[in-house]
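Here is the file structure-v7.cif (mmCIF, C-alpha atoms).
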```cif
data_protein
loop_
_atom_site.group_PDB
_atom_site.id
_atom_site.type_symbol
_atom_site.label_atom_id
_atom_site.label_comp_id
_atom_site.auth_asym_id
_atom_site.auth_seq_id
_atom_site.Cartn_x
_atom_site.Cartn_y
_atom_site.Cartn_z
ATOM 1 C CA MET D 1 19.151 26.003 -36.307
ATOM 2 C CA SER D 2 17.182 22.875 -35.449
ATOM 3 C CA ARG D 3 20.244 21.333 -33.764
ATOM 4 C CA LYS D 4 20.499 24.328 -31.417
ATOM 5 C CA ASN D 5 16.803 24.128 -30.628
ATOM 6 C CA LYS D 6 17.023 20.423 -29.885
ATOM 7 C CA VAL D 7 19.945 20.925 -27.489
ATOM 8 C CA LYS D 8 18.130 23.792 -25.829
ATOM 9 C CA GLU D 9 14.950 21.719 -25.438
ATOM 10 C CA THR D 10 16.780 18.765 -23.911
ATOM 11 C CA LEU D 11 18.566 21.008 -21.432
ATOM 12 C CA LEU D 12 15.302 22.705 -20.496
ATOM 13 C CA LYS D 13 13.579 19.352 -19.971
ATOM 14 C CA LYS D 14 16.388 18.185 -17.721
ATOM 15 C CA HIS D 15 16.278 21.421 -15.749
ATOM 16 C CA ARG D 16 12.510 21.194 -15.297
ATOM 17 C CA ARG D 17 12.767 17.582 -14.127
ATOM 18 C CA THR D 18 15.320 18.486 -11.460
ATOM 19 C CA GLN D 19 13.207 21.435 -10.340
ATOM 20 C CA THR D 20 10.129 19.276 -9.848
ATOM 21 C CA LYS D 21 12.109 16.645 -7.940
ATOM 22 C CA ASN D 22 13.554 19.290 -5.637
ATOM 23 C CA SER D 23 10.224 21.008 -5.066
ATOM 24 C CA ARG D 24 8.502 17.753 -4.091
ATOM 25 C CA SER D 25 10.790 17.170 -1.138
ATOM 26 C CA HIS D 26 10.048 20.598 0.336
ATOM 27 C CA ASN D 27 6.296 20.045 0.361
ATOM 28 C CA LYS D 28 6.354 16.889 2.449
ATOM 29 C CA PRO D 29 7.051 16.963 6.166
ATOM 30 C CA LYS D 30 10.016 14.960 7.365
ATOM 31 C CA TYR D 31 9.153 11.367 8.293
ATOM 32 C CA ILE D 32 9.274 10.599 12.000
ATOM 33 C CA SER D 33 9.073 6.958 13.064
ATOM 34 C CA LYS D 34 6.421 5.771 15.480
ATOM 35 C CA ALA D 35 8.966 5.106 18.215
ATOM 36 C CA ASP D 36 10.388 8.626 17.868
ATOM 37 C CA ARG D 37 6.884 10.126 18.014
ATOM 38 C CA GLU D 38 6.168 8.230 21.233
ATOM 39 C CA LYS D 39 9.491 9.347 22.689
ATOM 40 C CA MET D 40 8.745 12.976 21.814
ATOM 41 C CA ALA D 41 5.281 12.698 23.370
ATOM 42 C CA LEU D 42 6.748 11.321 26.601
ATOM 43 C CA GLU D 43 9.327 14.111 26.752
ATOM 44 C CA ALA D 44 6.639 16.736 26.198
ATOM 45 C CA GLU D 45 4.516 15.165 28.905
ATOM 46 C CA GLN D 46 7.428 15.239 31.347
ATOM 47 C CA VAL D 47 8.075 18.898 30.602
ATOM 48 C CA THR D 48 4.448 19.799 31.287
ATOM 49 C CA VAL D 49 4.473 17.842 34.549
ATOM 50 C CA GLU D 50 7.669 19.573 35.667
ATOM 51 C CA SER D 51 6.278 22.998 34.804
ATOM 52 C CA GLU D 52 3.091 22.234 36.766
ATOM 53 C CA ASN D 53 5.170 21.176 39.753
ATOM 54 C CA THR D 54 7.182 24.399 39.726
ATOM 55 C CA GLU D 55 4.011 26.484 39.436
ATOM 56 C CA GLN D 56 2.518 24.736 42.448
ATOM 57 C CA VAL D 57 5.607 25.359 44.578
ATOM 58 C CA THR D 58 5.952 29.106 43.943
ATOM 59 C CA PRO D 59 2.512 30.246 45.232
ATOM 60 C CA SER D 60 2.899 28.292 48.510
ATOM 61 C CA GLU D 61 6.215 30.032 49.289
ATOM 62 C CA GLU D 62 4.481 33.399 49.726
#
```

Could you rewrite the structure in this file as structure tokens?
Amino acid sequence: MSRKNKVKETLLKKHRRTQTKNSRSHNKPKYISKADREKMALEAEQVTVESENTEQVTPSEE
């Protein structure tokens, strides 16, 4: 009986270890490099400028 318990315990420990490793990766946000963050900020800024330009054109057409 003790042999079965030992096998069961080792398998449970291994399963728990893999579960904790997998759960850790879901809690952290994905890493974004500094250069990519700057690039994303520039793209967002361009989109806002373009949307402001289109909003300014439409009221003057009336």

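Distance-wise, atom CA of D:Ile32 and atom CA of D:Gln46 end up 20.0 Å apart.
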
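Here atom CA of D:Tyr31 stands at a distance of 27.0 Å from atom CA of D:His15.
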
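With atom CA of D:Glu45 on one side and atom CA of D:Asn27 on the other, the separation reads 29.0 Å.
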